[in-house]
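**Q** Mind looking over this structure? Questions follow.
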Amino acid sequence: MNKFDLIVIGGGPGGYVAAIYAAQHGLHTALVEKADLGGVCLNWGCIPTKALVQNAEILRTVKEAHKYGINLNTNEIKADYSVAQKRSREVSGKLTMGIKSLMKKNNVTVIPGEGSLISGNRVKVMPTGEIFETKNIILATGAHAFKIPQFDYSNPNIMTSREALELTEVKPEERFVVVGAGAIGMEFASIWASYGAEVTVVEMLPRVLPNEDADVSKEIQRAFKKRDIKVKVDSKVISVAAEGNGFNLVIEKKGKTESIPCDKILVSAGVRANVENIGLEAAGVKLTERGLVQVDDHLQTTCPTIYAIGDMTGKLALAHVASAQALAAVHAILGKPVKQFNYSNMPRCTYTYPEVASVGLTEEQAREAGYDVKVGTFPLAANGKSVAMNETTGFVKIVADKKYGEILGTHLVGAHVTELISAATAYIDLEFTAADIAQVVHPHPSVSEAMMEAAHAVVGQAIHI
Amino acid sequence: MAKLMNMPKIGVNMTDGTVTEWYVNEGDEVKFGEMALAAETDKDVQDIPADQTGTVLKIIAQVGDNVECHKPLAIVGAPGENIDSLLAEISGGGAVAAPTETVTVTPTQSAEVTETASTGRVPVSPLAKKMAKDLGINLAKVKYTGIRVTKSDILAYENEPEVISESPTITMPDVVATTVAPATGIRKITPYDGMRRKIGNRLTESVVTKPWAALTVAVDMSKAIEWRKRVNEIADIKVGFNEMVAKACSRALQEYPLMNTQLAADGTEIYEMEDINIGVAVNTDRGLMVPVLKNVAAKGVVELAKEFAGLVSRTKEQANSQGDLSGGTFTISNLGARGISSFRAVINPPECGILALAATIKSAVVIDDEIVIRPMMNITLSFDHRIVDGDYAAQFVSYIGKLLEDPMKILM
């Protein structure tokens, strides 16, 4: 029987990072994965959607080329969505291969199959039924899309994000309804709208991207409306019925019902932890009331030899959070000090057009937490680089505490602002105050200047507005 | 073979250094003569060169640790080399002199760092720095996890100020915390740092570590005044009382060598110093400075006067050359010009004594059963009672008095 120091179950951005890091630190490590390495992130989430986002951006640019004096015959622009989809699969495939070679390079034994716990030290892998012994286990089985019961998912035109990534055709004026205005739903809405589809987003809560700052939601809602994406907030799905080749979706908004005829429906209503059939009970790993794996600050489960990371811990279903937890869990196993996470200070990105990126508390959360809030905002319309790029939608909003200028949160809307949030995250992590950010010289011309200006606005007054 | 990289003696009077920053990490290469760290020495924070070439295998002296010259800072050798025997040697020999030393040889084992060094920079986040300043917290006392003091450390400290652990040697409080009630109103806040803090640290060290006593003698300065007048008639530079008293002290220190001593930092030895170097406290824009007259016993008062004039102007212009402000073995402090009738000065560590010169005041004194008027000066010796007894110190200070009352004796 093969004996390991560590077996990681699940090869997503949590699991494979844990395996590499553990192997690098001298642990004899195995990784059990039932499908492709890289998990949802690489195969059915973050990465393939970004490939589609890129296609959508190119298409938008080409369609708007005439504004810049580049005249194309608009009738001749043919956007083939199947090529975009194919490219997204190729990108995933390429990166998955990369993970495979990383496993090899770091001497991680990859065991294909479905892993489940037999005890705190034994893992069974199906379909072979082989049993492996190990000193420690890291669970990283991830999550899956939550399927709202009202919908019939056997119908190929009713999709979760997984099926949406297999969609090979988006016809102009095809009618899409996206149920759930979280990051995933909003990204698909943005992509399909760029390909000429008629998209309606339905959200139960009063605003899109409900986890973001209210000003962010407002700005994105406005931007979507400009792009002819219909947004129905405060709206609940009442029923869905097949009608002709498509559906009639009935929603209720403030007591009034409204029917939305459509061809395709994406249900993006959050994710649920993958905790079934992995032997949690056998090993004494307990769940929380919300059906998530219960972990302590060291990511240790109720079984002392087993740790859990990523979406299944329900802290924040983001790939980089899973990867950060992976390092922490390995540290804990190695007996090294573990850095305490402040999950609110993890960066969050949404790749709509325009993009959204944020870190820390929203203004509302900050006020609720009792801070004496001071907000500094700077619109991209007053930022030179943004004007030159003709990308003036959006802003930088810094939420700070008045007393010391402590940065509580930073919220960005605008083209490619996801690349800017790392700086904002570092500022919070390093405990920069608004005055410190304002003193950092930011390069001109750059969108990042808006961050410095927003910091100035917190301290006193922005320069360029 | 792995070797110890020691604190080099880079100045004549350098005895030790407090590590303020490492420029290299474990695993980095160092080259002989290349700057490897910064340390606060008798003069200032200085770059310290490596005295070995190789890979840094272990950093022994952490930031904040005080290390004597020729005592180990780090272990240098070839990567992967076994350093157990060297580590054992160090831990057995008590090589690191810092009194607050708790974990030295295995710092990587614990993420929790107790920062209790009285001097040296404390790594701190900008927010935590602001909070500490606002809340009147001395950062040096804040315990931190991770690489520097953060907001959570400040909050934790605020809730439960850490009592500095008592080590066998006396731990020196850098700042004795006095909380100012906001209701009293603060008109102006000045950071307690730089020169002010340096002076404060030294004085605190002196008062806290030295069991001291003071002895006062009233000196009839008639002849000294006359003598000075005569000297100034023939000399090409004006000779002051300070130089005269310095000269008298050097003569007395030759007679009473136990006053020209220092107690070793570890408290196990008393060093009798070769030269008699007398520091004279000088007031400058930046605060109290003590330029040092070197080898006073071998020089005449005119030479001393010339030297002193140069020292004072360099000190005031902040243009001191090496050694100007260090190496003293005894100090005099003169507040006579301010009309002070008598005072006790705080001993300038690590010296054994300091002589306080008060104003020369015409006073009624009884000589041969008659009341006469004489220019009298009170001189007060503060001395380290660990090194000398009261009687010895009394002999010393009264001898200085006698020398000043009859300056001819200085030459004898």
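Chain labels follow the order of the structure tokens: the first chain is A, the next B, and so on; residue numbering restarts at 1 in every chain, and ligands are counted from 1 in their shown order.
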Contacts of region 35-37 of chain B at 8 Å or less, counting only C-alpha atoms, minus same-chain residues fewer than 6 places along, as a compact mmCIF listing (two decimals) with N, CA, C and O atoms, in the first residue's frame?
**A**
# COMPACT_ATOMS: atom_id res chain seq x y z
N VAL B 19 21.99 46.44 16.79
CA VAL B 19 21.60 46.19 15.39
C VAL B 19 20.31 46.93 15.09
O VAL B 19 19.31 46.79 15.81
N THR B 20 20.32 47.77 14.06
CA THR B 20 19.08 48.47 13.67
C THR B 20 18.51 47.91 12.38
O THR B 20 17.33 48.03 12.13
N GLU B 21 19.33 47.32 11.56
CA GLU B 21 18.82 46.77 10.31
C GLU B 21 19.83 45.79 9.73
O GLU B 21 21.03 46.02 9.81
N TRP B 22 19.32 44.70 9.18
CA TRP B 22 20.18 43.77 8.44
C TRP B 22 20.01 44.04 6.96
O TRP B 22 18.88 44.13 6.48
N TYR B 23 21.10 44.15 6.22
CA TYR B 23 21.00 44.34 4.78
C TYR B 23 20.97 42.99 4.06
O TYR B 23 20.69 42.92 2.89
N VAL B 24 21.33 41.94 4.78
CA VAL B 24 21.31 40.60 4.17
C VAL B 24 20.39 39.70 4.97
O VAL B 24 20.14 39.94 6.15
N ASP B 47 26.89 51.91 9.13
CA ASP B 47 26.93 50.67 8.36
C ASP B 47 28.07 49.81 8.89
O ASP B 47 29.17 50.31 9.13
N ILE B 48 27.80 48.55 9.07
CA ILE B 48 28.81 47.64 9.63
C ILE B 48 29.21 46.64 8.54
O ILE B 48 28.35 45.96 7.98
N PRO B 49 30.49 46.57 8.24
CA PRO B 49 30.93 45.65 7.20
C PRO B 49 31.06 44.21 7.73
O PRO B 49 31.28 44.01 8.91
N ALA B 50 30.90 43.26 6.81
CA ALA B 50 31.09 41.86 7.18
C ALA B 50 32.58 41.61 7.38
O ALA B 50 33.41 42.14 6.66
**Q** Mind running chain A against chain B at 8 Å and telling me each contacting residue's nearest atom pair with the distance in Å (one decimal), counting only C-alpha atoms, chain and number ascending, as JSON lines?
**A**
{"residue": "A:Pro337", "atom": "CA", "partner": "B:Ala111", "partner_atom": "CA", "distance": 6.3}
{"residue": "A:Tyr404", "atom": "CA", "partner": "B:Lys130", "partner_atom": "CA", "distance": 6.8}
{"residue": "A:Glu406", "atom": "CA", "partner": "B:Leu127", "partner_atom": "CA", "distance": 6.5}
{"residue": "A:Leu430", "atom": "CA", "partner": "B:Ser125", "partner_atom": "CA", "distance": 6.3}
{"residue": "A:Glu431", "atom": "CA", "partner": "B:Leu127", "partner_atom": "CA", "distance": 5.4}
{"residue": "A:Phe432", "atom": "CA", "partner": "B:Pro126", "partner_atom": "CA", "distance": 5.5}
{"residue": "A:Thr433", "atom": "CA", "partner": "B:Leu127", "partner_atom": "CA", "distance": 5.9}
{"residue": "A:Asp436", "atom": "CA", "partner": "B:Pro126", "partner_atom": "CA", "distance": 7.6}
**Q** Take the residues from that selection and put them in a file with N, CA, C and O atoms, as a JSON list (two decimals), in the first residue's frame.
**A**
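Just written: selection20.json:
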[["chain", "number", "residue", "atom", "x", "y", "z"],
["A", 337, "PRO", "N", 3.86, 28.88, 11.47],
["A", 337, "PRO", "CA", 2.82, 29.84, 11.84],
["A", 337, "PRO", "C", 1.88, 30.11, 10.66],
["A", 337, "PRO", "O", 2.30, 30.18, 9.51],
["A", 404, "TYR", "N", -7.88, 58.11, 11.42],
["A", 404, "TYR", "CA", -6.49, 57.96, 10.98],
["A", 404, "TYR", "C", -6.37, 57.89, 9.46],
["A", 404, "TYR", "O", -5.28, 57.74, 8.92],
["A", 406, "GLU", "N", -7.56, 55.41, 7.89],
["A", 406, "GLU", "CA", -7.42, 53.97, 7.63],
["A", 406, "GLU", "C", -8.28, 53.59, 6.42],
["A", 406, "GLU", "O", -9.44, 53.97, 6.33],
["A", 430, "LEU", "N", -0.91, 46.41, 3.75],
["A", 430, "LEU", "CA", 0.25, 47.06, 4.38],
["A", 430, "LEU", "C", -0.17, 48.14, 5.36],
["A", 430, "LEU", "O", 0.66, 48.83, 5.94],
["A", 431, "GLU", "N", -1.49, 48.32, 5.48],
["A", 431, "GLU", "CA", -2.05, 49.34, 6.38],
["A", 431, "GLU", "C", -1.61, 50.75, 6.01],
["A", 431, "GLU", "O", -1.27, 51.55, 6.87],
["A", 432, "PHE", "N", -1.62, 51.04, 4.72],
["A", 432, "PHE", "CA", -1.42, 52.42, 4.30],
["A", 432, "PHE", "C", -2.65, 53.23, 4.71],
["A", 432, "PHE", "O", -3.76, 52.72, 4.68],
["A", 433, "THR", "N", -2.45, 54.46, 5.05],
["A", 433, "THR", "CA", -3.59, 55.34, 5.29],
["A", 433, "THR", "C", -3.81, 56.15, 4.01],
["A", 433, "THR", "O", -2.97, 56.13, 3.10],
["A", 436, "ASP", "N", -1.01, 58.28, 3.11],
["A", 436, "ASP", "CA", 0.13, 57.55, 2.55],
["A", 436, "ASP", "C", -0.07, 57.30, 1.06],
["A", 436, "ASP", "O", 0.86, 57.45, 0.26]]
**Q** To one decimal in Å, tell me the separation between CA of Thr410 (chain A) and CA of Tyr343 (chain A).
**A**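 Between CA of Thr410 (chain A) and CA of Tyr343 (chain A) the gap works out to 14.4 Å.
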**Q** Determine the nearest neighbour of Ala224 (chain B) from the options B:Leu4, B:Ala358, B:Ile237, B:Met244, counting only C-alpha atoms.
**A**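 Ranked by minimum distance to Ala224 (chain B), first place goes to B:Met244.
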**Q** I need the residues of region 274-338 of chain B that end up classed as strand (DSSP E or B) by DSSP on the backbone, written out as a list of chain:residue names.
**A**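 Everything in region 274-338 of chain B that counts as strand (DSSP E or B) is B:Ile278, B:Gly279, B:Val280, B:Val282, B:Asn283, B:Thr284, B:Gly287, B:Leu288, B:Met289, B:Val292, B:Leu293, B:Phe330, B:Thr331, B:Ile332, B:Ser333, B:Asn334.
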**Q** Please write the residues from the selection above to a file, keeping C-alpha atoms, as a PDB file, in the first residue's frame.
**A**
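Contents of result15.pdb, as written:
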ATOM      1  CA  ILE B 278      37.308  64.431  29.861  1.00  0.00           C
ATOM      2  CA  GLY B 279      33.967  65.242  28.353  1.00  0.00           C
ATOM      3  CA  VAL B 280      32.530  68.696  28.804  1.00  0.00           C
ATOM      4  CA  VAL B 282      27.876  71.706  25.945  1.00  0.00           C
ATOM      5  CA  ASN B 283      24.499  73.140  25.141  1.00  0.00           C
ATOM      6  CA  THR B 284      23.667  73.194  21.419  1.00  0.00           C
ATOM      7  CA  GLY B 287      20.376  69.571  22.768  1.00  0.00           C
ATOM      8  CA  LEU B 288      23.046  68.487  25.172  1.00  0.00           C
ATOM      9  CA  MET B 289      26.274  67.283  23.575  1.00  0.00           C
ATOM     10  CA  VAL B 292      35.614  65.018  24.708  1.00  0.00           C
ATOM     11  CA  LEU B 293      39.055  66.452  25.491  1.00  0.00           C
ATOM     12  CA  PHE B 330      35.005  61.389  33.093  1.00  0.00           C
ATOM     13  CA  THR B 331      32.716  64.373  32.512  1.00  0.00           C
ATOM     14  CA  ILE B 332      32.294  67.871  33.819  1.00  0.00           C
ATOM     15  CA  SER B 333      29.118  69.884  33.576  1.00  0.00           C
ATOM     16  CA  ASN B 334      29.213  73.616  34.185  1.00  0.00           C
TER      17      ASN B 334
END
**Q** Measuring atom to atom with only C-alpha atoms, identify which of B:Ala246, B:Met376, B:Gly64, B:Phe32 is nearest to Lys223 (chain B).
**A**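 Using only C-alpha atoms, Lys223 (chain B) sits closest to B:Met376.
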**Q** So the first atom is CA of Val30 (chain B) and the second is CA of Gly26 (chain A); what is the distance between them in Å, to one decimal place?
**A**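 So the two atoms, CA of Val30 (chain B) and CA of Gly26 (chain A), lie 27.9 Å apart.
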**Q** Counting only C-alpha atoms, what is within 8 Å of region 316-330 of chain A, bar same-chain residues fewer than 6 positions away, as a PyMOL selection string?
**A** chain A and resi 13-15+17-18+21-22+41+138+298-300+307-310+338-339+343+346+348
**Q** For all heavy atoms, I'd like the residues from the last selection saved as a short mmCIF file (atom, residue, chain, number, x, y, z; two decimals), in the first residue's frame.
**A**
data_model
loop_
_atom_site.label_atom_id
_atom_site.label_comp_id
_atom_site.auth_asym_id
_atom_site.auth_seq_id
_atom_site.Cartn_x
_atom_site.Cartn_y
_atom_site.Cartn_z
N PRO A 13 -7.78 25.30 -7.97
CA PRO A 13 -6.76 26.27 -7.54
C PRO A 13 -6.43 26.18 -6.05
O PRO A 13 -5.42 26.70 -5.62
CB PRO A 13 -7.37 27.62 -7.91
CG PRO A 13 -8.83 27.37 -8.04
CD PRO A 13 -8.99 25.95 -8.47
N GLY A 14 -7.31 25.54 -5.27
CA GLY A 14 -6.97 25.27 -3.88
C GLY A 14 -6.10 24.03 -3.80
O GLY A 14 -4.97 24.08 -3.32
N GLY A 15 -6.62 22.94 -4.33
CA GLY A 15 -5.98 21.64 -4.19
C GLY A 15 -4.63 21.53 -4.86
O GLY A 15 -3.66 21.07 -4.24
N VAL A 17 -2.55 23.84 -5.77
CA VAL A 17 -1.57 24.74 -5.13
C VAL A 17 -1.09 24.12 -3.82
O VAL A 17 0.11 24.12 -3.52
CB VAL A 17 -2.16 26.15 -4.92
CG1 VAL A 17 -1.28 26.99 -3.99
CG2 VAL A 17 -2.34 26.87 -6.26
N ALA A 18 -2.03 23.55 -3.07
CA ALA A 18 -1.65 22.89 -1.81
C ALA A 18 -0.67 21.76 -2.08
O ALA A 18 0.34 21.60 -1.38
CB ALA A 18 -2.90 22.35 -1.10
N TYR A 21 2.82 23.15 -3.09
CA TYR A 21 3.48 23.79 -1.96
C TYR A 21 3.95 22.76 -0.93
O TYR A 21 5.06 22.86 -0.39
CB TYR A 21 2.53 24.80 -1.32
CG TYR A 21 3.19 25.79 -0.38
CD1 TYR A 21 4.11 26.71 -0.87
CD2 TYR A 21 2.90 25.81 0.98
CE1 TYR A 21 4.71 27.63 -0.03
CE2 TYR A 21 3.49 26.73 1.83
CZ TYR A 21 4.40 27.63 1.32
OH TYR A 21 5.00 28.54 2.16
N ALA A 22 3.09 21.75 -0.71
CA ALA A 22 3.45 20.71 0.25
C ALA A 22 4.67 19.93 -0.26
O ALA A 22 5.61 19.66 0.49
CB ALA A 22 2.27 19.76 0.47
N CYS A 41 -12.19 26.51 -11.85
CA CYS A 41 -11.50 27.74 -12.23
C CYS A 41 -10.90 27.65 -13.63
O CYS A 41 -11.21 28.45 -14.51
CB CYS A 41 -10.40 28.04 -11.22
SG CYS A 41 -9.17 29.23 -11.77
N ILE A 138 -5.94 17.08 2.81
CA ILE A 138 -6.56 18.39 2.56
C ILE A 138 -7.73 18.17 1.61
O ILE A 138 -7.57 17.61 0.52
CB ILE A 138 -5.57 19.40 1.95
CG1 ILE A 138 -4.48 19.77 2.97
CG2 ILE A 138 -6.30 20.67 1.48
CD1 ILE A 138 -3.46 20.77 2.48
N HIS A 298 -7.08 27.73 11.40
CA HIS A 298 -5.98 27.05 10.71
C HIS A 298 -6.48 26.15 9.60
O HIS A 298 -5.73 25.33 9.10
CB HIS A 298 -5.14 26.25 11.71
CG HIS A 298 -4.34 27.11 12.62
ND1 HIS A 298 -3.40 26.61 13.49
CD2 HIS A 298 -4.31 28.44 12.77
CE1 HIS A 298 -2.85 27.60 14.15
NE2 HIS A 298 -3.37 28.73 13.74
N LEU A 299 -7.78 26.27 9.27
CA LEU A 299 -8.42 25.50 8.23
C LEU A 299 -8.50 24.01 8.58
O LEU A 299 -8.68 23.16 7.71
CB LEU A 299 -7.72 25.73 6.88
CG LEU A 299 -7.74 27.21 6.48
CD1 LEU A 299 -6.64 27.54 5.50
CD2 LEU A 299 -9.09 27.60 5.91
N GLN A 300 -8.34 23.73 9.85
CA GLN A 300 -8.44 22.36 10.33
C GLN A 300 -9.92 22.02 10.53
O GLN A 300 -10.68 22.84 11.05
CB GLN A 300 -7.69 22.25 11.66
CG GLN A 300 -7.35 20.84 12.05
CD GLN A 300 -6.42 20.82 13.26
OE1 GLN A 300 -6.36 21.78 14.02
NE2 GLN A 300 -5.69 19.75 13.43
N TYR A 307 -7.74 18.84 6.81
CA TYR A 307 -7.93 20.27 6.61
C TYR A 307 -8.85 20.46 5.41
O TYR A 307 -8.96 19.57 4.55
CB TYR A 307 -6.58 20.94 6.35
CG TYR A 307 -5.68 20.93 7.57
CD1 TYR A 307 -5.06 19.75 7.99
CD2 TYR A 307 -5.48 22.08 8.31
CE1 TYR A 307 -4.28 19.73 9.13
CE2 TYR A 307 -4.69 22.07 9.45
CZ TYR A 307 -4.08 20.90 9.86
OH TYR A 307 -3.30 20.90 10.99
N ALA A 308 -9.50 21.60 5.33
CA ALA A 308 -10.36 21.87 4.17
C ALA A 308 -10.13 23.30 3.71
O ALA A 308 -9.92 24.21 4.52
CB ALA A 308 -11.82 21.66 4.53
N ILE A 309 -10.15 23.47 2.39
CA ILE A 309 -9.88 24.79 1.81
C ILE A 309 -10.84 25.06 0.65
O ILE A 309 -11.49 24.13 0.17
CB ILE A 309 -8.42 24.88 1.30
CG1 ILE A 309 -8.15 23.80 0.24
CG2 ILE A 309 -7.43 24.77 2.45
CD1 ILE A 309 -6.78 23.91 -0.41
N GLY A 310 -10.90 26.30 0.25
CA GLY A 310 -11.62 26.65 -0.97
C GLY A 310 -13.12 26.79 -0.80
O GLY A 310 -13.63 27.00 0.31
N VAL A 338 0.61 30.26 10.97
CA VAL A 338 -0.40 30.48 9.94
C VAL A 338 -0.92 31.91 10.04
O VAL A 338 -1.29 32.37 11.10
CB VAL A 338 -1.58 29.50 10.14
CG1 VAL A 338 -2.67 29.77 9.11
CG2 VAL A 338 -1.09 28.07 10.04
N LYS A 339 -0.88 32.58 8.92
CA LYS A 339 -1.37 33.96 8.90
C LYS A 339 -2.90 33.95 8.98
O LYS A 339 -3.55 33.19 8.29
CB LYS A 339 -0.92 34.65 7.62
CG LYS A 339 -1.18 36.15 7.64
CD LYS A 339 -0.91 36.81 6.30
CE LYS A 339 -1.49 38.21 6.32
NZ LYS A 339 -1.31 38.94 5.08
N TYR A 343 -11.02 37.82 5.51
CA TYR A 343 -11.64 37.52 4.22
C TYR A 343 -12.22 38.77 3.55
O TYR A 343 -12.39 38.81 2.34
CB TYR A 343 -12.70 36.43 4.37
CG TYR A 343 -12.07 35.08 4.65
CD1 TYR A 343 -12.02 34.56 5.93
CD2 TYR A 343 -11.48 34.36 3.62
CE1 TYR A 343 -11.41 33.34 6.19
CE2 TYR A 343 -10.87 33.13 3.86
CZ TYR A 343 -10.84 32.63 5.14
OH TYR A 343 -10.23 31.43 5.39
N MET A 346 -9.88 40.35 0.86
CA MET A 346 -9.51 39.61 -0.35
C MET A 346 -10.06 40.38 -1.55
O MET A 346 -11.22 40.81 -1.53
CB MET A 346 -10.14 38.21 -0.34
CG MET A 346 -9.74 37.39 0.87
SD MET A 346 -8.12 36.66 0.63
CE MET A 346 -7.78 36.07 2.27
N ARG A 348 -11.79 41.20 -5.08
CA ARG A 348 -12.91 40.58 -5.79
C ARG A 348 -13.04 41.25 -7.16
O ARG A 348 -13.05 42.48 -7.24
CB ARG A 348 -14.20 40.77 -5.00
CG ARG A 348 -14.09 40.32 -3.54
CD ARG A 348 -15.27 40.78 -2.71
NE ARG A 348 -15.30 42.22 -2.52
CZ ARG A 348 -14.94 42.84 -1.40
NH1 ARG A 348 -14.52 42.14 -0.36
NH2 ARG A 348 -15.01 44.15 -1.30
#
**Q** As a list in words, list the residues of region 230-300 of chain B assigned to helix (DSSP H, G or I) by DSSP on the backbone atoms of this structure.
**A**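 DSSP-assigned helix (DSSP H, G or I) residues in region 230-300 of chain B: Arg230, Val231, Asn232, Glu233, Ile234, Phe241, Asn242, Glu243, Met244, Val245, Ala246, Lys247, Ala248, Cys249, Ser250, Arg251, Ala252, Leu253, Gln254, Glu255, Pro257, Leu258, Met259, Val296, Ala297 and Ala298 of chain B.
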**Q** Can I get the selection written as a short mmCIF file (atom, residue, chain, number, x, y, z; two decimals), in the first residue's frame, with N, CA, C and O atoms?
**A**
data_model
loop_
_atom_site.label_atom_id
_atom_site.label_comp_id
_atom_site.auth_asym_id
_atom_site.auth_seq_id
_atom_site.Cartn_x
_atom_site.Cartn_y
_atom_site.Cartn_z
N ARG B 230 46.38 85.40 35.04
CA ARG B 230 47.82 85.39 34.71
C ARG B 230 48.05 84.57 33.41
O ARG B 230 48.76 85.02 32.52
N VAL B 231 47.40 83.41 33.35
CA VAL B 231 47.56 82.56 32.16
C VAL B 231 47.07 83.32 30.92
O VAL B 231 47.73 83.35 29.88
N ASN B 232 45.93 83.98 31.07
CA ASN B 232 45.35 84.67 29.93
C ASN B 232 46.17 85.88 29.49
O ASN B 232 46.04 86.33 28.36
N GLU B 233 47.01 86.41 30.39
CA GLU B 233 47.89 87.51 30.01
C GLU B 233 48.98 87.04 29.07
O GLU B 233 49.41 87.76 28.18
N ILE B 234 49.42 85.80 29.29
CA ILE B 234 50.54 85.33 28.49
C ILE B 234 50.14 84.40 27.34
O ILE B 234 50.89 84.21 26.39
N PHE B 241 37.42 78.43 32.59
CA PHE B 241 37.42 77.64 33.81
C PHE B 241 37.28 76.15 33.51
O PHE B 241 37.83 75.32 34.20
N ASN B 242 36.50 75.87 32.45
CA ASN B 242 36.29 74.46 32.11
C ASN B 242 37.60 73.72 31.88
O ASN B 242 37.80 72.62 32.37
N GLU B 243 38.51 74.38 31.13
CA GLU B 243 39.78 73.74 30.83
C GLU B 243 40.63 73.61 32.10
O GLU B 243 41.31 72.59 32.30
N MET B 244 40.51 74.65 32.94
CA MET B 244 41.26 74.59 34.21
C MET B 244 40.76 73.45 35.08
O MET B 244 41.53 72.69 35.65
N VAL B 245 39.43 73.34 35.17
CA VAL B 245 38.86 72.29 36.01
C VAL B 245 39.18 70.92 35.40
O VAL B 245 39.49 69.97 36.12
N ALA B 246 39.12 70.85 34.07
CA ALA B 246 39.44 69.58 33.39
C ALA B 246 40.86 69.15 33.75
O ALA B 246 41.12 67.99 34.05
N LYS B 247 41.72 70.13 33.73
CA LYS B 247 43.13 69.84 34.05
C LYS B 247 43.25 69.36 35.51
O LYS B 247 43.95 68.39 35.80
N ALA B 248 42.52 70.06 36.41
CA ALA B 248 42.54 69.66 37.82
C ALA B 248 42.00 68.25 37.98
O ALA B 248 42.54 67.43 38.74
N CYS B 249 40.92 67.96 37.25
CA CYS B 249 40.31 66.62 37.34
C CYS B 249 41.30 65.56 36.87
O CYS B 249 41.41 64.49 37.47
N SER B 250 42.02 65.86 35.78
CA SER B 250 42.94 64.86 35.25
C SER B 250 44.02 64.55 36.27
O SER B 250 44.43 63.40 36.45
N ARG B 251 44.44 65.60 36.96
CA ARG B 251 45.44 65.41 38.01
C ARG B 251 44.88 64.52 39.12
O ARG B 251 45.52 63.58 39.58
N ALA B 252 43.62 64.81 39.50
CA ALA B 252 42.98 64.03 40.57
C ALA B 252 42.73 62.59 40.13
O ALA B 252 42.86 61.66 40.91
N LEU B 253 42.38 62.44 38.87
CA LEU B 253 42.11 61.09 38.35
C LEU B 253 43.38 60.24 38.32
O LEU B 253 43.34 59.03 38.48
N GLN B 254 44.53 60.93 38.16
CA GLN B 254 45.80 60.20 38.22
C GLN B 254 46.05 59.70 39.63
O GLN B 254 46.54 58.59 39.83
N GLU B 255 45.65 60.52 40.59
CA GLU B 255 45.82 60.14 41.99
C GLU B 255 44.81 59.10 42.42
O GLU B 255 45.08 58.25 43.26
N PRO B 257 42.80 56.62 40.55
CA PRO B 257 42.49 55.97 39.26
C PRO B 257 41.17 55.19 39.27
O PRO B 257 40.60 54.93 38.22
N LEU B 258 40.65 54.86 40.46
CA LEU B 258 39.38 54.11 40.48
C LEU B 258 38.20 54.96 40.01
O LEU B 258 37.13 54.45 39.74
N MET B 259 38.45 56.28 39.94
CA MET B 259 37.40 57.14 39.40
C MET B 259 37.43 57.19 37.87
O MET B 259 36.49 57.63 37.24
N VAL B 296 43.95 64.37 28.61
CA VAL B 296 44.09 65.66 29.30
C VAL B 296 45.36 65.72 30.14
O VAL B 296 46.02 66.76 30.23
N ALA B 297 45.72 64.59 30.72
CA ALA B 297 46.88 64.57 31.62
C ALA B 297 48.16 65.01 30.91
O ALA B 297 49.05 65.61 31.52
N ALA B 298 48.24 64.77 29.61
CA ALA B 298 49.47 65.06 28.89
C ALA B 298 49.49 66.47 28.30
O ALA B 298 50.45 66.84 27.65
#
